[in-house]
Each structure stands twice: as structure tokens, then as C-alpha cells.
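Peer 1: Could you have a look at this structure, given as C-alpha cells, before my questions?
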Amino acid sequence: MRLMSSLRTLLSFVFRRKRVEHEMEEELRSHIQDRADDLERQGLARAEAERQARIEFGGFERYKEECREALGTRLLQELIADLRYGLRQLRRNPGFTLVVVLTLALGIGATIAIFSVVNAVLLNPLPYPHPDRLVALAEELPPFREFAISYPDFLDWAQMNHTFGALAAYRHTDMNLTGSSKSERVKVTQVSASFFPLLGVKPVIGRNFSSEEDQRGIAPVVILSGGFWKSRFGGSSGVLGKVLTLDGKGYTVIGVIPRNFYFCCETANFVLGDVYVPIGSYDSQWMSDRGAHPGIFAFGRLKPGVTLQQARADMDGIARDLASAYPDSDKNEGISLTPLKERMVGNVEPVLLVLLAAVGFVLLIACANVANLLLARATGRAHEFAIRSALGASRGRVIRQLLAESILLALAGGGLGLLLAWWGTKATLAMLPETLPRANDVRLDLHVLAFALTASILIGLLFGLAPALQSSRPNLQEGLKEGARGSGGAGPRTQRVFVVLEMALAVILLIGAGLTIRSLAHLWRVNPGFDPQNVLTFNVALPPSTAKETPDQIRAGLHHLTDTIAAVPGVKSASITDGAFPMQGGNIVGFWAEGQPKPATQSEMPNATNYIVGADYSKVMGIPLQRGRFFTPADDVRSRLVAVIDQDFARTYFRHQNAIGKHIHLAGMDQPFEIVGVVGHVDQEGLDTNRQSSLVQIYLPVWQIPDQFISLLAKTEGFVVRTESPRYASVETIRRAIEGMNREQVAYGFEPLGGIIATSLA
């Protein structure tokens, strides 16, 4: 109660100071008038009685100070007075004030800009109900720490666990949207029926998927993203019930999710798609194959009171049960559990913390600079401080006055810094990788404003303390002399200390920047194993009717498509590519080499990165051939099965032997592949990866894919082309040539190979 009373008194003084001062004076005058009335009744004249009462009472200001002391507002009033005086001093020196404020604004603004990113990405909770209970799940398969999930395994996890309230699965893909004058490629996210309810997302119109719709054989349905709904249908509520034709199949629109919804996870950190379809209705043989991992990931919500350790123990038991029941596919596989926020943030945390430390050094340099300026200014005010001390000002009073000025400068710098940060935050996001997680959450919110205010006050105290302590000990003998500018001594020494500190911080910052630039330069000089100059990559979504063609028709159509692309003016050579692609994810295949015993199960096989390519792939990519040959058009489905391996494969499995003519066996294939060539190793995971930990690599000719698997090529294929100049062949020319073959065929995702390398380094 006493604390609340004191707080009310302080607030009253702050917001009604003039009225409180007036009431205080009226109270004191009433006491004098009462005493004068007493003296007048004792026989004194009125004028003499009032004079005598004033003499007895003493000065007003002394009693007003005592009243303020009793009310606890004396320090507050002195602070207000100090701030007023500080403002007058700063107005008298506009040049000095402008330099200091701009210096601080740059340091504080940069710090606030980076902190706003750190706050959104690392500090703020995820924008879902009970985000601390959300956990990402993935399969663990040595030597990989985490791996995509097979759909049958996910269904078993959801049914067998005892620690999760619900699990949800999702998978990213693309589909052709047809039915209008021009086909287009749209981003599609396949999700389980539990996906949106688990995240607490409710459609703005319509409804979520039902569990019955999340199964094969049910009439296809689709939910639109808010952005796609606005751009494609103008935000009309009449969209419900409309049919979208995706990959030749009609999907009925049943709902629209909010426009601001986002979700990113696993390494790709993609923002989800334009439309959402039930994952259980996906008609693919992969969905029933326990050994297939078609890019499915999962997350779940822990039951109340369940810890992450308990959930891990529960899922470890499930992994053992599945390994026992399905040894060929699930042996040696574990289940990885990671807090969803940690999975979303990924490996960006150290990057952001380094950036924050870097701008922190810049801010410290700015503080040292400003402290030096204040020391120099304090030397010029030595006469003023000497007079104040001679008149009775205590050392603490002088220090408070100077700190008030410093805080005013810091607050002004912080205010301008906020404006710079508002612009700087956008610039920071533009410089950081596009895959930065939670980028949609970056803004100047209340946490950032509180940080800016606190940082400004602390910075004001930091750079103002040394000048204040220095100026609070004036040399009265020298300082009181007319025109005195300072007394030398400790002032210049302190300034030299700040100069040394400023230079030391600058050197540390420059060394860090230099090392970073050198590391990046070394990365750029790393040979990726291919020549990215003048190489363009893109994808072609084939017409839905392709899936109904015979294997020979599919091969003939892909041959014709490749020849059409190669014939575009400006294109030197072109190749189809499937499976893995450098620095853009990969296709992993189990194998065993000639001369080694066949592993008991597929999960016990060593793994290799698998490239499925056309005959001109090595020529387009500039991958050096070391021994033997690469593929030719004669390597088709009617010839013997052949393969090309990289030098790491040859060194590891055929040491001191000639690999040419040897054979390798691949998981799921009955016949072995004869090795006909050895090529250089490609940096599949990025230029900064450890060569020792990367997988060996196998190349297979695309035209030798067996008939039972050729339908997998009937949806989307990748292509690489080498052009005659760095400007590349006209993308529109290539697009028109491809789409001119069939109106339902879509070319998309055009990107220079050099841009892919830059993205991997981002």
C-alpha cells in the first residue's frame, strides 16, 4: 500500500507538477497568514505582523525542498531540471549535437536492425498455440543424421506412439494448373488432415480436410492459400465448390487459409505452397513402399506434461519394433526428435549472433568516439564546472547533470536510429539469404522498441560516465580564472585511453571482416567439380496425358523434347537430368560393389548419390572424364546396363584396381551395372562441405530406366543447357519452344548454374 501511495504521488508530480507546486506555495502562505493573524491580535500592526511572520517562517524554497524530500519528488524535480538545462546546452551547440546524434544513430540503428532479425528468428516463440510443445520428427539413417520419412512409417508412428496428441505429415511438390488459356506451374503442399488443426489454423472461408479425404480413392479436394485466392479469384467467397485441374485431375475447392500463414521446416526452409491437397490421397507407388523416402517430413504436438526426453524414449521403442517387424527397410533406422523452433531456425543462429556481435563492435566504437567528443567539450566547460562547485554544487550533482545530457544525446540518437533501423531492417533482409527462416516475423515490435529504449539509456550512461567523472573534479584555482579552458592533467590521458580503445575495437572488427572475406574468397575459388559458366538449369512439367503413354512413347517424347531444346538458337548442348543435381538436393541409392558380399538388408548397404542423366550431361556440365567413356545414345534400354562412377568411388571400392569393366549392384535392381567410365567428384552438398564426409557418386543413363520405373519420368524433368554466351539463350525462346510442343506443357524454374552456387554460399 505504501509503495502504491508513493507511486501515485510521483505520477501526480510528473503530470500535475505546476498544480502541485502551486498548492505547496498556497499551503506555506496560509501558515504565514495564520501567524500574522496571531501577531496582529497581540497588538502589532498588520504590515508589521506580516513582516515578523515572514522572518520567523524563513525562506519558501527551504520548506519547499523539505516538502519535496518528504514526498520523494526531490530527485525527480532535479532530474527534470537537469534535462531542461541539458536541452539548453545542446541547443547552444547544434554542430556538436548533430555530430554526436548522427554517430550514435548509425551505431544504434545498425544494432536495432540486426536485433529485430534476431528477435523475430531466435527469441520470439512460434506463432502457433503452445509452440513449446511442437516437435519435428525425421528418420535417422547412418551416416545421415536426419532423413525423410516413408509414409507407411509415418502412419505407424501416429498410431503406435503414447506421447503425442497428434502427428502431421507434409510434402512439397509442384503441379500443372490447366483449364485456362495458358498452363502454369503452382506450388503444392501435400498435408495430412491433422496438419492445419495441429497448428491452430482455421480457414477464413470453408473448412479443413477431413480424415476421410486423407485417403486414396476419395474425390480430390484442395485448400487455397490466401495469396493465391486473392490473385487468382480476387478474394471471392464464390470460389468454394469450384474445380481446379491439377496434373489433369479435378480438385474441388473446400476452403481458404489465412494469407499470413506460413510454415517452414527441414533444411530447405521453404514457405508453403499456393494450394494444399491431402497427402494420403497421393496416387503413387512410393506411398505404399516402406523403403521409399519421397521427401515427407512430420511434426507433432506433445501431450500436456510430456517432456521431450519421454517422447524420445517412446519413439525409440517404436523404431525398435518397426526394425524388428520390417528388417529389410527399417533396420538400423532411428527416429529424430527436435523442437520445431530449433528445426525452423536451423543453422542460421550462429550467423545472426555473429552479425549482432559485429554491429555491437560498431556501436562500442561509436560510444568511444562520442566519449572522446564529450571529454573534449568538458575541457572547454571547465570554467562553468568550477563556478558551480564554488557555489556549493556537490560532485554527485555535477555527475547527474552531465549524465542527463549524455542520456538526452543517446535518446536522440536512438530515436533517429529507429528510423534508420526501419529502413535498415529491410536492407538486412535483402542481404540475408532468401531461405532465412521466419523472415515474415521480422518487424519493429514492442520488444525491439523496448530494446532500443533500454540500449539508448545504457549507452548514454556508458559513454557519458567517464566525461562526467572527469568533469566532477574541477581545479578551482585554474578553473575560476577568466577564460580558463581546462586544467590538463587527467583529461588528455583519458582521451588517449579512449582513442586506443576505439582503435583496438576497430582493428578487431577489421580482422574479423578480413577473415570472413578471405574465407568467402577461398570458397569461391574451390573447384566444384563442374564448370558453371554459361550453364542454365530449368524444369519441364510434362502434360498429364504423358502418364498414360507406353514406356517407349514416354522415351520417344523425352528424346524429342531434348532435341527441341538443343535446337534453340544460342544453345550449344542440352541434357535431361533426373535424380540428384549439384547443390540442390539429391537422390540416394544403396549399392554394393563387385567383390563384396551382398548386405543382408537394404538398410545395411552403403549409400551413393545417384545422378540419372542424358548422354551429353558431362559435356554440358563440364565434368572432367578421367578414364573410360561417358554415356552415348546407344546406351538405351536394349543394351547392357552401364554406369559411370566418380573418382572417390573408384578410390574407395577399387583401390589399386582398374574400375573400368567392374560391376556394381543397386538396391531394387536385379541386374548389375558395368562401370564404363570414371569422372571427377562433384561438390554435391556445397563448397563448404567436408570432402571426407560426402557420399560417393554414381551416374546412370536415363534411357536405361526399366519399363516398370519409366512412368516416374512422366511428370516433371530437369534440364541443363550450355549456351554460347554468358547472357544465355533467351529464356523466353526456350520457353516458347517447349510450350509450343504442347499447350499443357510448362517450362519453369530457370536459373543459371552460377546462381545455384551463390545460393549455396548464402
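Each chain of the C-alpha cells is named A, B, ... in the order shown, its residues numbered from 1; ligands are numbered from 1 in display order.
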Can you pull out every residue within 6 Å of Met605 of chain A, counting only C-alpha atoms, but drop anything in the same chain fewer than 5 positions away, and send it as a list in words?

Peer 2: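 Skipping anything fewer than 5 positions along the chain leaves Gly590, Phe591 and Pro599 of chain A.
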
Peer 1: Residues as selected, all heavy atoms, written as an mmCIF file, in the first residue's frame, can you do that?

Peer 2:
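The resulting file, result.cif, is shown below:
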data_model
loop_
_atom_site.group_PDB
_atom_site.id
_atom_site.type_symbol
_atom_site.label_atom_id
_atom_site.label_comp_id
_atom_site.auth_asym_id
_atom_site.auth_seq_id
_atom_site.Cartn_x
_atom_site.Cartn_y
_atom_site.Cartn_z
ATOM 1 N N GLY A 590 21.178 -47.238 -52.403
ATOM 2 C CA GLY A 590 22.027 -48.237 -51.775
ATOM 3 C C GLY A 590 22.689 -49.109 -52.822
ATOM 4 O O GLY A 590 22.122 -49.353 -53.897
ATOM 5 N N PHE A 591 23.908 -49.611 -52.537
ATOM 6 C CA PHE A 591 24.629 -50.403 -53.535
ATOM 7 C C PHE A 591 25.614 -51.329 -52.824
ATOM 8 O O PHE A 591 25.874 -51.229 -51.627
ATOM 9 C CB PHE A 591 25.393 -49.485 -54.492
ATOM 10 C CG PHE A 591 26.586 -48.820 -53.856
ATOM 11 C CD1 PHE A 591 27.856 -49.385 -53.945
ATOM 12 C CD2 PHE A 591 26.446 -47.633 -53.136
ATOM 13 C CE1 PHE A 591 28.950 -48.791 -53.349
ATOM 14 C CE2 PHE A 591 27.535 -47.035 -52.532
ATOM 15 C CZ PHE A 591 28.794 -47.614 -52.631
ATOM 16 N N PRO A 599 24.921 -57.193 -48.778
ATOM 17 C CA PRO A 599 24.399 -56.933 -47.434
ATOM 18 C C PRO A 599 23.081 -57.664 -47.219
ATOM 19 O O PRO A 599 22.306 -57.908 -48.148
ATOM 20 C CB PRO A 599 24.211 -55.410 -47.417
ATOM 21 C CG PRO A 599 25.144 -54.902 -48.468
ATOM 22 C CD PRO A 599 25.142 -55.955 -49.533
#

Peer 1: Env of segment 188-195 of chain A: 7 Å cut, atoms = only C-alpha atoms, seq-sep filter 6 positions within chain, self excluded. Answer as an mmCIF file with N, CA and C atoms, in the first residue's frame.

Peer 2:
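To be explicit, this is the file written out as selection20.cif:
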data_model
loop_
_atom_site.group_PDB
_atom_site.id
_atom_site.type_symbol
_atom_site.label_atom_id
_atom_site.label_comp_id
_atom_site.auth_asym_id
_atom_site.auth_seq_id
_atom_site.Cartn_x
_atom_site.Cartn_y
_atom_site.Cartn_z
ATOM 1 N N LEU A 167 0.104 -36.211 -34.746
ATOM 2 C CA LEU A 167 1.225 -36.041 -35.669
ATOM 3 C C LEU A 167 0.680 -35.561 -37.005
ATOM 4 N N ALA A 168 1.497 -34.800 -37.736
ATOM 5 C CA ALA A 168 1.096 -34.324 -39.061
ATOM 6 C C ALA A 168 2.254 -34.510 -40.021
ATOM 7 N N ALA A 169 1.935 -34.853 -41.269
ATOM 8 C CA ALA A 169 2.948 -35.039 -42.310
ATOM 9 C C ALA A 169 2.734 -34.003 -43.408
ATOM 10 N N TYR A 170 3.815 -33.676 -44.109
ATOM 11 C CA TYR A 170 3.703 -32.738 -45.226
ATOM 12 C C TYR A 170 4.806 -33.038 -46.234
ATOM 13 N N ARG A 171 4.546 -32.637 -47.468
ATOM 14 C CA ARG A 171 5.492 -32.856 -48.562
ATOM 15 C C ARG A 171 5.287 -31.762 -49.599
ATOM 16 N N HIS A 172 6.387 -31.251 -50.119
ATOM 17 C CA HIS A 172 6.315 -30.167 -51.103
ATOM 18 C C HIS A 172 6.495 -30.712 -52.513
ATOM 19 N N THR A 173 5.687 -30.225 -53.452
ATOM 20 C CA THR A 173 5.815 -30.619 -54.851
ATOM 21 C C THR A 173 5.269 -29.485 -55.725
ATOM 22 N N ASP A 174 5.202 -29.720 -57.019
ATOM 23 C CA ASP A 174 4.614 -28.773 -57.974
ATOM 24 C C ASP A 174 3.652 -29.528 -58.872
ATOM 25 N N MET A 175 2.657 -28.803 -59.378
ATOM 26 C CA MET A 175 1.705 -29.397 -60.307
ATOM 27 C C MET A 175 1.366 -28.403 -61.403
ATOM 28 N N PHE A 209 -9.486 -30.213 -44.201
ATOM 29 C CA PHE A 209 -9.652 -31.570 -44.709
ATOM 30 C C PHE A 209 -10.207 -32.470 -43.609
ATOM 31 N N SER A 210 -11.003 -33.419 -44.011
ATOM 32 C CA SER A 210 -11.468 -34.445 -43.069
ATOM 33 C C SER A 210 -10.550 -35.653 -43.160
ATOM 34 N N SER A 211 -10.589 -36.508 -42.149
ATOM 35 C CA SER A 211 -9.748 -37.707 -42.154
ATOM 36 C C SER A 211 -10.135 -38.637 -43.294
ATOM 37 N N ASP A 214 -8.339 -37.800 -46.509
ATOM 38 C CA ASP A 214 -6.902 -38.038 -46.485
ATOM 39 C C ASP A 214 -6.600 -39.507 -46.776
ATOM 40 N N LEU A 272 5.394 -22.518 -47.533
ATOM 41 C CA LEU A 272 4.486 -23.472 -48.162
ATOM 42 C C LEU A 272 3.762 -22.881 -49.352
ATOM 43 N N GLY A 273 2.973 -23.755 -50.006
ATOM 44 C CA GLY A 273 2.578 -23.504 -51.373
ATOM 45 C C GLY A 273 1.375 -22.630 -51.631
ATOM 46 N N ASP A 274 1.018 -22.643 -52.919
ATOM 47 C CA ASP A 274 -0.155 -21.913 -53.385
ATOM 48 C C ASP A 274 -1.434 -22.655 -53.023
ATOM 49 N N VAL A 275 -1.383 -23.982 -53.087
ATOM 50 C CA VAL A 275 -2.552 -24.802 -52.776
ATOM 51 C C VAL A 275 -2.115 -25.988 -51.922
ATOM 52 N N TYR A 276 -3.077 -26.591 -51.214
ATOM 53 C CA TYR A 276 -2.816 -27.721 -50.322
ATOM 54 C C TYR A 276 -3.774 -28.849 -50.668
ATOM 55 N N VAL A 277 -3.230 -30.069 -50.744
ATOM 56 C CA VAL A 277 -4.045 -31.245 -51.031
ATOM 57 C C VAL A 277 -3.737 -32.318 -49.987
ATOM 58 N N PRO A 278 -4.647 -33.250 -49.735
ATOM 59 C CA PRO A 278 -4.388 -34.306 -48.743
ATOM 60 C C PRO A 278 -3.263 -35.222 -49.193
ATOM 61 N N ILE A 279 -2.305 -35.463 -48.320
ATOM 62 C CA ILE A 279 -1.158 -36.298 -48.682
ATOM 63 C C ILE A 279 -1.551 -37.763 -48.828
ATOM 64 N N GLY A 280 -2.541 -38.213 -48.072
ATOM 65 C CA GLY A 280 -2.954 -39.605 -48.137
ATOM 66 C C GLY A 280 -3.608 -39.979 -49.449
#

Peer 1: Tell me which protein, DNA and RNA residues are within 6 Å of segment 703-717 of chain A, counting only C-alpha atoms, leaving out same-chain ones fewer than 2 positions away, and put them as a list of chain:residue names.

Peer 2: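 Result of the neighbour search: A:Asn539, A:Val540, A:Ala541, A:Leu542, A:Thr546, A:Ala547, A:Pro551, A:Asp636, A:Val637, A:Pro701.
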
Peer 1: Any idea what's packed within 12 Å of Asn332 of chain A, counting only C-alpha atoms, ignoring anything in its chain fewer than 5 positions away? Could you give it as a list in words?

Peer 2: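 Final neighbour list, sorted by chain and number: Glu139, Glu140, Leu141, Pro142, Pro143, Phe144, Asp316, Ala319, Arg320, Asp321, Leu322, Ala323, Ser324, Tyr326, Pro327, Thr601, Gln602, Ser603, Glu604 and Met605 of chain A.
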
Peer 1: Which value, in Å to one decimal, gives the distance between atom CA of Leu134 of chain A and atom CA of Ala158 of chain A?

Peer 2: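 Here the two named atoms are 14.6 Å from each other.
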
Peer 1: So which bits of segment 502-735 of chain A end up alpha helix (DSSP H) when you DSSP the backbone, as an NGL selection string?

Peer 2: :A and (502-525 or 551-566 or 617-621 or 647-653 or 707-710 or 731-735)

Peer 1: Check segment 113-201 of chain A with DSSP on the backbone and list each residue it calls strand (DSSP E or B), as a PyMOL selection string.

Peer 2: chain A and resi 134-141+144-147+149+164-178+184-191
